[in-house]
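Following: one structure in C-alpha cells, then a few remarks.
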Amino acid sequence: MTPSRFPRIAEASVRVCFPFRFPAATAGPAIAADLADMRLAELATAIQAVPAGLRARIAAKAPQPVWAPARPSLSPDIHPFVRHVFAPDGEAAPACINGAPGSAGYWLTDLAGHLFDGEHGKAGPGLTVTLAETASRRLAGDPNRTDRVALTVHIGRENRTVLHLFGSGVGLLVMEIVPAPDTLETWGAEGVMELVYALAHFRDKPRAISWAGAPDAGPPVAMRDIVAALLPFVSLEEAGAPDGGLARTAVDQRVFTYACVRVDGSCPDNEAHEFVYRLGKRYSDDYLPAPSTLREGVVRPFENIYHAMHLEGGAVLIADMPSDDGRTVPVFRSFIRDQVKEAYWPLAALSYAELIKLLHLTGVVCQDRNVHTPSDTDVEELDRYRQDVLNFRLNYRFSQVSRIGQHNQCHAAWRRAFGCEALLQDVVQDVSDVASFLTYRLAKERAAREKERMRRAVSLGWFNTAAGIVFGLALALTSVFGMNLTELEDISVRDRTFAHALGLFALIAVIALWARWSIEKRTREPD
C-alpha cells in the first residue's frame with residue numbers, strides 16, 4: 001500500500017442512511033405492527049449471506065424480536081420541540097399520525113445486533129465489505145492488481161441500527177458501520193474513504209458484503225439485500241415502478257453517508273480540509289477536486305474539528321490534540337460517541353428528512369393535472385397537497401434548533417447544502433398557486449350556479465309578467481264595462497269604446513314588457 005498522506009486513524013464510523021416515504025396516517029400503525037411481528041429467525045433466513053450454522057442456532061432458540069421501541073438520545077441543548085419531532089416525551093414509539101408532530105423510534109435488539117457480528121449472542125469476527133476491482137487497485141497502489149480487497153467491519157456495536165418513522169411520512173433507517181481495528185491499521189485514511197465510497201452504492205453487487213471467517217456463509221449480498229430484510233414493508237423498486245408495500249424507497253443507486261473520523265495528534269489544515277471534503281463528497285483518489293473547492297461546505301467551529309456538509313454525504317474530522325500542557329482532552333476521545341451521536345448527527349438527519357419530504361412535495365405537484373377542466377379527483381388531490389404542505393411547514397421544519405450557536409450554524413449549513421430553503425420556496429409558491437386555483441375554481445362554480453339560478457328566476461319572472469298582463473287585462477275589461485266576462489260575448493270588436501280599451505291595454509302590456517327587458521339588460525351589462 002502507498003504510504004498515507006493523512007495522520008493515523010484512531011477511530012472511525014460511517015452512518016449509512018436509507019430513506020423511504022409512507023402515508024403516515026394510514027401506513028404508520030401498520031408499519032408499527034409489522035415491526036412488532038418481525039422475528040430474528042426470519043431475518044437470518046432473508047439474508048442469504050448469513051452462515052448456515054448461525055442460522056440453525058438462531059432457529060433452534062425461542063423466537064426473538066428484531067426491533068424494539070426506542071427513544072433517541074438527544075442533547076438537552078436541542079430545543080424541546082425539535083426533540084419532540086424525533087420522539088414525544090414520555091412515549092417510546094407512538095403511532096405516526098399525519099398532522100401531529102412526533103415519530104416512532106426503534107432500534108435493533110441485542111441479539112439482532114449480534115447477528116451482524118457473525119455470532120449469535122457474542123461478538124464475532126464481523127462482516128467483510130469486498131471492494132470493487134478499481135477500488136482495490138487504488139487502495140493497494142497497484143494498477144495491475146487482480147484480487148479484491150476485503151475490509152472487516154461491524155454493524156451497531158456502539159450505536160445500534162436505528163429506525164425513525166417521522167410523522168411527516170419520512171422514514172430513515174440508519175446503520176452505523178464501524179471499521180475493525182485491523183482494517184484501520186492496515187488501510188488507514190484511504191481505507192475509510194474507499195469504505196464510504198463502497199457503502200454509498202446501495203444496489204451494487206460488486207461491492208459485496210459477507211460474513212467474515214465463516215466457511216458455511218452464503219453468497220455475498222449487496223447492502224440493498226440487508227436493507228430489504230430489515231424493512232420488508234418497504235418497496236425497494238427503482239423509480240418509476242408501480243408502488244408496492246406500505247412504504248416506498250426514496251433513493252435509487254446511492255444513499256446518504258455520514259462519516260466520523262478521529263486522528264491521532266494534529267492534522268495540517270490543508271490535509272484536514274481535503275480529507276473531510278473527500279469523505280463528505282465520497283471522492284476517491286481518482287477524483288481531482290480543485291484546491292479552491294476543498295473548503296466549500298466545511299464548517300470549522302474549533303481549531304481541530306471540521307464538519308463537511310454536502311448533498312452526497314457528511315463528515316466530521318476530529319484531530320485528537322493534547323492541551324497546551326500536554327494533557328489529553330477527554331472530550332475529543334468521546335466526541336464521536338457523545339456529541340456526534342446526540343447533537344450533530346440528529347441535526348443532519350433532521351435536515352435530510354426535510355430534503356426527502358420537500359423532494360416528494362415537489363414531485364407530487366409536478367404530476368399532470370387538468371387545470372382547464374379539472375375533475376373532482378384533481379381538486380381533491382390538490383387540496384390534500386395543500387394540507388400536506390401546511391402540516392410539514394407547521395410541524396417539521398425549523399430555523400433554530402438549539403441553544404448552542406454552533407448547533408444552529410451546522411443545521412443552517414446542512415439546509416444550505418441540501419438546498420432546502422430554495423425547495424421550500426418552490427413548494428410555498430406551488431401552494432399559493434394551488435390555493436389561487438382552488439379559490440378560482442370554487443368562485444367559478446359558484447358563479448355558474450348563480451347564473452343558472454338567475455336564468456331560472458328570469459324565466460319564472462317572464463312567465464309571471466305574462467300571466468299578470470293577461471289576468472290584468474281581463475280584470476280591467478270587467479272593471480271598465482262593469483259586467484261579467486260571460487257577457488263580453490254581446491260586445492262587438494267593432495265597438496269603438498271596446499276597441500280603444502283593447503288598444504290601450506295592449507300598449508300598456510308592451511310598455512310593461514319593454515320596461516322589464518330594459519331593466520334586465522342593464523343588470524346583465526358590466527359597469
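Every chain in the C-alpha cells has a letter given in the order shown (A, B, ...), and although residue numbers restart at 1 in each chain, ligands are simply numbered from 1 in the order shown.
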
**Report entry** Backbone DSSP call of strand (DSSP E) for stretch 284-393 of chain A, listed as number ranges by chain
**Finding:** A: 298-302, 305-309, 313-320

Could you dump the residues just selected with N, CA and C atoms as an mmCIF file, in the first residue's frame?
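Output (again04.cif):
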```
data_model
loop_
_atom_site.group_PDB
_atom_site.id
_atom_site.type_symbol
_atom_site.label_atom_id
_atom_site.label_comp_id
_atom_site.auth_asym_id
_atom_site.auth_seq_id
_atom_site.Cartn_x
_atom_site.Cartn_y
_atom_site.Cartn_z
ATOM 1 N N VAL A 298 -17.582 23.274 4.299
ATOM 2 C CA VAL A 298 -16.882 22.841 5.517
ATOM 3 C C VAL A 298 -17.056 23.901 6.598
ATOM 4 N N VAL A 299 -17.537 23.488 7.753
ATOM 5 C CA VAL A 299 -17.693 24.358 8.913
ATOM 6 C C VAL A 299 -16.641 23.939 9.938
ATOM 7 N N ARG A 300 -15.897 24.918 10.445
ATOM 8 C CA ARG A 300 -14.803 24.632 11.377
ATOM 9 C C ARG A 300 -15.016 25.443 12.651
ATOM 10 N N PRO A 301 -15.799 24.911 13.600
ATOM 11 C CA PRO A 301 -16.088 25.694 14.810
ATOM 12 C C PRO A 301 -14.897 25.795 15.753
ATOM 13 N N PHE A 302 -13.988 24.802 15.716
ATOM 14 C CA PHE A 302 -12.808 24.803 16.572
ATOM 15 C C PHE A 302 -11.574 24.530 15.722
ATOM 16 N N ILE A 305 -11.614 20.640 14.835
ATOM 17 C CA ILE A 305 -12.850 19.940 14.491
ATOM 18 C C ILE A 305 -13.403 20.512 13.188
ATOM 19 N N TYR A 306 -13.671 19.627 12.244
ATOM 20 C CA TYR A 306 -14.158 20.028 10.928
ATOM 21 C C TYR A 306 -15.462 19.273 10.636
ATOM 22 N N HIS A 307 -16.450 20.002 10.136
ATOM 23 C CA HIS A 307 -17.717 19.399 9.700
ATOM 24 C C HIS A 307 -17.877 19.672 8.203
ATOM 25 N N ALA A 308 -18.095 18.616 7.429
ATOM 26 C CA ALA A 308 -18.352 18.768 5.994
ATOM 27 C C ALA A 308 -19.822 18.471 5.720
ATOM 28 N N MET A 309 -20.493 19.376 5.005
ATOM 29 C CA MET A 309 -21.911 19.199 4.667
ATOM 30 C C MET A 309 -22.080 19.271 3.152
ATOM 31 N N GLY A 313 -23.193 13.548 1.096
ATOM 32 C CA GLY A 313 -22.953 12.998 2.420
ATOM 33 C C GLY A 313 -22.276 14.008 3.321
ATOM 34 N N GLY A 314 -22.051 13.600 4.549
ATOM 35 C CA GLY A 314 -21.403 14.473 5.521
ATOM 36 C C GLY A 314 -20.211 13.786 6.149
ATOM 37 N N ALA A 315 -19.420 14.551 6.857
ATOM 38 C CA ALA A 315 -18.245 14.007 7.518
ATOM 39 C C ALA A 315 -17.862 14.902 8.684
ATOM 40 N N VAL A 316 -17.266 14.287 9.692
ATOM 41 C CA VAL A 316 -16.720 15.006 10.846
ATOM 42 C C VAL A 316 -15.305 14.501 11.056
ATOM 43 N N LEU A 317 -14.379 15.422 11.210
ATOM 44 C CA LEU A 317 -12.977 15.093 11.474
ATOM 45 C C LEU A 317 -12.559 15.735 12.775
ATOM 46 N N ILE A 318 -12.029 14.926 13.696
ATOM 47 C CA ILE A 318 -11.526 15.431 14.977
ATOM 48 C C ILE A 318 -10.049 15.090 15.079
ATOM 49 N N ALA A 319 -9.253 16.090 15.249
ATOM 50 C CA ALA A 319 -7.823 15.880 15.492
ATOM 51 C C ALA A 319 -7.613 15.810 17.006
ATOM 52 N N ASP A 320 -7.157 14.658 17.491
ATOM 53 C CA ASP A 320 -7.013 14.421 18.934
ATOM 54 C C ASP A 320 -5.735 15.098 19.419
#
```

Name all residues at most 9 Å from A:Ala189 (count only C-alpha atoms; drop same-chain ones fewer than 6 positions away) and give them as a compact mmCIF listing (two decimals) with all heavy atoms, in the first residue's frame.
```txt
# COMPACT_ATOMS: atom_id res chain seq x y z
N SER A 4 0.20 6.70 3.46
CA SER A 4 -0.89 7.66 3.53
C SER A 4 -0.37 9.07 3.70
O SER A 4 0.65 9.30 4.36
CB SER A 4 -1.82 7.30 4.69
OG SER A 4 -2.83 8.27 4.82
N ARG A 5 -1.07 10.01 3.11
CA ARG A 5 -0.75 11.43 3.29
C ARG A 5 -1.40 12.00 4.53
O ARG A 5 -1.17 13.15 4.89
CB ARG A 5 -1.22 12.23 2.07
CG ARG A 5 -0.53 11.83 0.78
CD ARG A 5 -0.99 12.68 -0.39
NE ARG A 5 -2.37 12.41 -0.77
CZ ARG A 5 -3.39 13.26 -0.58
NH1 ARG A 5 -3.18 14.41 0.01
NH2 ARG A 5 -4.59 12.94 -0.98
N PHE A 6 -2.23 11.20 5.21
CA PHE A 6 -3.01 11.69 6.33
C PHE A 6 -2.53 11.03 7.63
O PHE A 6 -1.93 9.95 7.60
CB PHE A 6 -4.49 11.42 6.11
CG PHE A 6 -5.03 11.97 4.82
CD1 PHE A 6 -5.25 11.15 3.72
CD2 PHE A 6 -5.28 13.33 4.69
CE1 PHE A 6 -5.73 11.66 2.53
CE2 PHE A 6 -5.77 13.86 3.51
CZ PHE A 6 -5.99 13.02 2.42
N PRO A 7 -2.83 11.65 8.77
CA PRO A 7 -2.41 11.07 10.06
C PRO A 7 -3.07 9.72 10.32
O PRO A 7 -4.03 9.33 9.65
CB PRO A 7 -2.86 12.12 11.08
CG PRO A 7 -3.03 13.37 10.32
CD PRO A 7 -3.45 12.96 8.94
N ARG A 8 -2.57 9.02 11.30
CA ARG A 8 -3.10 7.70 11.68
C ARG A 8 -4.53 7.86 12.19
O ARG A 8 -4.85 8.75 12.96
CB ARG A 8 -2.23 7.08 12.77
CG ARG A 8 -2.75 5.74 13.29
CD ARG A 8 -1.88 5.20 14.40
NE ARG A 8 -2.46 3.97 14.95
CZ ARG A 8 -3.38 3.96 15.90
NH1 ARG A 8 -3.83 5.10 16.42
NH2 ARG A 8 -3.85 2.80 16.35
N ILE A 9 -5.41 6.93 11.76
CA ILE A 9 -6.81 6.94 12.18
C ILE A 9 -6.93 6.19 13.50
O ILE A 9 -6.59 5.00 13.59
CB ILE A 9 -7.71 6.28 11.12
CG1 ILE A 9 -7.53 6.96 9.76
CG2 ILE A 9 -9.17 6.35 11.55
CD1 ILE A 9 -7.92 8.40 9.72
N VAL A 261 -14.43 10.57 11.87
CA VAL A 261 -13.05 10.08 11.99
C VAL A 261 -12.34 10.89 13.06
O VAL A 261 -12.45 12.12 13.12
CB VAL A 261 -12.29 10.20 10.64
CG1 VAL A 261 -10.82 9.86 10.83
CG2 VAL A 261 -12.92 9.30 9.59
N PHE A 275 -9.24 15.90 3.42
CA PHE A 275 -9.73 14.63 3.92
C PHE A 275 -11.23 14.69 4.21
O PHE A 275 -12.01 13.84 3.77
CB PHE A 275 -8.94 14.25 5.17
CG PHE A 275 -9.24 12.87 5.70
CD1 PHE A 275 -9.68 11.86 4.86
CD2 PHE A 275 -9.08 12.58 7.05
CE1 PHE A 275 -9.95 10.59 5.34
CE2 PHE A 275 -9.36 11.32 7.54
CZ PHE A 275 -9.79 10.31 6.68
```

**Report entry** Computed interatomic separation between atom CA of A:Trp107 and atom CA of A:Arg71 (Å)
**Finding:**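 Separation of atom CA of A:Trp107 and atom CA of A:Arg71: 8.9 Å.
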
**Report entry** Å distance separating atom CA of A:Pro322 from atom CA of A:Thr183, one decimal place
**Finding:**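 Between atom CA of A:Pro322 and atom CA of A:Thr183 the gap works out to 25.4 Å.
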
Report task. Identify which of the residues A:Ala12, A:Ala290, A:Ala56, A:Cys17 lies closest to A:Pro346, counting only C-alpha atoms when measuring atom-to-atom distances. Result ->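 Closest to A:Pro346, using only C-alpha atoms: A:Cys17.
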
Query - Atomic separation - atom CA of A:Ala259 relative to atom CA of A:Val14, Å - result: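 The value is 4.3 Å.
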
**Report entry** Top pick for closest residue to A:Asp182, considering A:Ala422, A:Ala10, A:Leu347, A:Ala412 and counting only C-alpha atoms
**Finding:**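 Going through A:Ala422, A:Ala10, A:Leu347, A:Ala412 one by one, the smallest distance to A:Asp182 is for A:Ala10.
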
Query raised in the report: Can you list, as an MDAnalysis selection string, every protein, DNA or RNA residue that comes within 10 Å of stretch 387-400 of chain A when you count only C-alpha atoms, leaving out same-chain residues fewer than 4 positions away?
Result: chainID A and resid 78:79 81:82 84:85 98:102 166:169 350:351 353:354 357:358 361 381:383 404:405 407:409 411:412 415 420 424 427:428 430:431

Since we have the selection now, will you write its residues out, keeping N, CA, C and O atoms, as a short mmCIF file (atom, residue, chain, number, x, y, z; two decimals), in the first residue's frame?
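Result went into out_9.cif, see below:
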```cif
data_model
loop_
_atom_site.label_atom_id
_atom_site.label_comp_id
_atom_site.auth_asym_id
_atom_site.auth_seq_id
_atom_site.Cartn_x
_atom_site.Cartn_y
_atom_site.Cartn_z
N ILE A 78 -30.63 20.76 22.54
CA ILE A 78 -31.57 20.81 21.42
C ILE A 78 -32.93 21.24 21.95
O ILE A 78 -33.39 20.77 22.99
N HIS A 79 -33.59 22.14 21.25
CA HIS A 79 -34.88 22.65 21.71
C HIS A 79 -35.89 21.50 21.90
O HIS A 79 -35.89 20.54 21.11
N PHE A 81 -39.02 21.25 21.23
CA PHE A 81 -39.93 21.00 20.11
C PHE A 81 -39.22 20.24 18.99
O PHE A 81 -39.86 19.56 18.19
N VAL A 82 -37.88 20.34 18.92
CA VAL A 82 -37.14 19.54 17.94
C VAL A 82 -36.99 18.11 18.45
O VAL A 82 -37.16 17.15 17.68
N HIS A 84 -39.04 16.67 20.24
CA HIS A 84 -40.39 16.13 20.14
C HIS A 84 -40.63 15.52 18.76
O HIS A 84 -41.40 14.57 18.62
N VAL A 85 -39.98 16.06 17.75
CA VAL A 85 -40.14 15.53 16.40
C VAL A 85 -39.55 14.13 16.30
O VAL A 85 -40.08 13.26 15.60
N ASN A 98 -50.63 11.75 10.78
CA ASN A 98 -50.43 12.89 9.91
C ASN A 98 -51.06 14.13 10.52
O ASN A 98 -52.24 14.13 10.88
N GLY A 99 -50.27 15.19 10.67
CA GLY A 99 -50.77 16.42 11.25
C GLY A 99 -50.32 16.64 12.67
O GLY A 99 -50.51 17.71 13.22
N ALA A 100 -49.70 15.64 13.29
CA ALA A 100 -49.22 15.78 14.66
C ALA A 100 -47.72 15.54 14.69
O ALA A 100 -47.23 14.58 14.12
N PRO A 101 -46.96 16.44 15.33
CA PRO A 101 -45.50 16.25 15.37
C PRO A 101 -45.14 15.02 16.18
O PRO A 101 -45.87 14.60 17.08
N GLY A 102 -44.00 14.45 15.86
CA GLY A 102 -43.54 13.29 16.59
C GLY A 102 -43.19 12.16 15.66
O GLY A 102 -43.43 12.21 14.46
N PHE A 166 -40.92 9.32 11.00
CA PHE A 166 -41.37 10.68 11.28
C PHE A 166 -42.84 10.84 10.87
O PHE A 166 -43.30 10.26 9.88
N GLY A 167 -43.55 11.66 11.64
CA GLY A 167 -44.94 11.92 11.35
C GLY A 167 -45.18 12.64 10.04
O GLY A 167 -46.30 12.71 9.56
N SER A 168 -44.12 13.18 9.44
CA SER A 168 -44.24 13.83 8.14
C SER A 168 -44.37 12.82 7.01
O SER A 168 -44.61 13.20 5.86
N GLY A 169 -44.21 11.53 7.33
CA GLY A 169 -44.28 10.50 6.30
C GLY A 169 -42.94 10.13 5.72
O GLY A 169 -42.87 9.52 4.65
N LEU A 350 -32.30 15.37 10.66
CA LEU A 350 -33.47 16.25 10.59
C LEU A 350 -33.51 16.98 9.26
O LEU A 350 -34.55 17.06 8.59
N SER A 351 -32.37 17.52 8.84
CA SER A 351 -32.30 18.24 7.56
C SER A 351 -32.49 17.30 6.38
O SER A 351 -33.12 17.66 5.38
N ALA A 353 -34.21 14.48 6.37
CA ALA A 353 -35.63 14.14 6.30
C ALA A 353 -36.43 15.28 5.67
O ALA A 353 -37.39 15.04 4.92
N GLU A 354 -36.03 16.52 5.97
CA GLU A 354 -36.69 17.67 5.34
C GLU A 354 -36.48 17.65 3.83
O GLU A 354 -37.41 17.90 3.06
N LYS A 357 -38.71 15.01 2.21
CA LYS A 357 -40.11 15.44 2.17
C LYS A 357 -40.32 16.52 1.11
O LYS A 357 -41.31 16.47 0.35
N LEU A 358 -39.42 17.47 1.03
CA LEU A 358 -39.56 18.55 0.04
C LEU A 358 -39.46 18.01 -1.38
O LEU A 358 -40.19 18.46 -2.28
N LEU A 361 -42.79 16.50 -2.11
CA LEU A 361 -43.82 17.51 -2.36
C LEU A 361 -43.63 18.15 -3.73
O LEU A 361 -44.60 18.43 -4.44
N GLU A 381 -57.15 16.02 -4.77
CA GLU A 381 -55.72 15.75 -4.60
C GLU A 381 -54.94 17.05 -4.37
O GLU A 381 -54.01 17.09 -3.57
N LEU A 382 -55.31 18.11 -5.08
CA LEU A 382 -54.64 19.40 -4.87
C LEU A 382 -54.92 19.94 -3.48
O LEU A 382 -54.04 20.52 -2.83
N ASP A 383 -56.12 19.72 -3.00
CA ASP A 383 -56.44 20.18 -1.65
C ASP A 383 -55.67 19.38 -0.60
O ASP A 383 -55.18 19.94 0.39
N ILE A 404 -27.33 26.30 21.50
CA ILE A 404 -25.91 26.40 21.21
C ILE A 404 -25.73 26.94 19.80
O ILE A 404 -26.30 26.40 18.84
N GLY A 405 -24.96 28.00 19.67
CA GLY A 405 -24.81 28.65 18.38
C GLY A 405 -24.25 27.75 17.30
O GLY A 405 -24.71 27.80 16.15
N HIS A 407 -24.53 24.58 16.97
CA HIS A 407 -25.56 23.64 16.52
C HIS A 407 -26.41 24.30 15.44
O HIS A 407 -26.68 23.70 14.39
N ASN A 408 -26.83 25.54 15.69
CA ASN A 408 -27.63 26.25 14.69
C ASN A 408 -26.82 26.52 13.43
O ASN A 408 -27.36 26.47 12.32
N GLN A 409 -25.53 26.79 13.61
CA GLN A 409 -24.67 27.02 12.46
C GLN A 409 -24.58 25.78 11.58
O GLN A 409 -24.68 25.85 10.35
N HIS A 411 -26.75 23.25 11.52
CA HIS A 411 -28.07 22.98 10.94
C HIS A 411 -28.33 23.87 9.73
O HIS A 411 -28.83 23.39 8.69
N ALA A 412 -27.98 25.14 9.83
CA ALA A 412 -28.16 26.05 8.69
C ALA A 412 -27.28 25.62 7.51
O ALA A 412 -27.70 25.69 6.35
N ARG A 415 -28.95 22.72 5.74
CA ARG A 415 -30.08 23.13 4.91
C ARG A 415 -29.60 23.82 3.64
O ARG A 415 -30.22 23.69 2.58
N CYS A 420 -32.58 23.21 0.92
CA CYS A 420 -33.93 23.10 1.48
C CYS A 420 -34.72 24.40 1.33
O CYS A 420 -35.92 24.37 1.05
N LEU A 424 -38.17 24.76 -0.44
CA LEU A 424 -39.33 25.19 0.35
C LEU A 424 -40.04 26.36 -0.31
O LEU A 424 -41.27 26.41 -0.35
N VAL A 427 -42.09 25.10 -3.10
CA VAL A 427 -43.30 24.43 -2.61
C VAL A 427 -44.31 25.46 -2.12
O VAL A 427 -45.52 25.33 -2.39
N VAL A 428 -43.83 26.50 -1.41
CA VAL A 428 -44.74 27.54 -0.92
C VAL A 428 -45.42 28.24 -2.10
O VAL A 428 -46.62 28.53 -2.06
N ASP A 430 -45.90 26.91 -5.01
CA ASP A 430 -46.85 25.93 -5.55
C ASP A 430 -48.15 25.94 -4.75
O ASP A 430 -49.25 25.88 -5.31
N VAL A 431 -48.02 26.00 -3.42
CA VAL A 431 -49.21 26.01 -2.57
C VAL A 431 -50.03 27.27 -2.84
O VAL A 431 -51.27 27.21 -2.89
#
```

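Closest approach to A:Ala212 from the set A:His164, A:Lys61, A:His154, A:Arg254 is made by A:His154, with distances taken over only C-alpha atoms.
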
Requested in this report: List every residue of stretch 30-67 of chain A that DSSP, applied to the backbone, labels as helix (DSSP H, G or I), and write the result as a list of chain:residue names.
Outcome: A:Ala30, A:Ile31, A:Ala32, A:Ala33, A:Asp34, A:Leu35, A:Ala36, A:Asp37, A:Leu40, A:Ala41, A:Glu42, A:Leu43, A:Ala44, A:Thr45, A:Ala46, A:Ala52, A:Gly53, A:Leu54, A:Arg55, A:Ala56, A:Arg57, A:Ile58, A:Ala59, A:Ala60

Query - Selection near A:Asp286, 12 Å with only C-alpha atoms, sequence-local residues under 6 positions removed, as a PyMOL selection string - result: chain A and resi 134-135+137-139+141+190+193-194+197+278
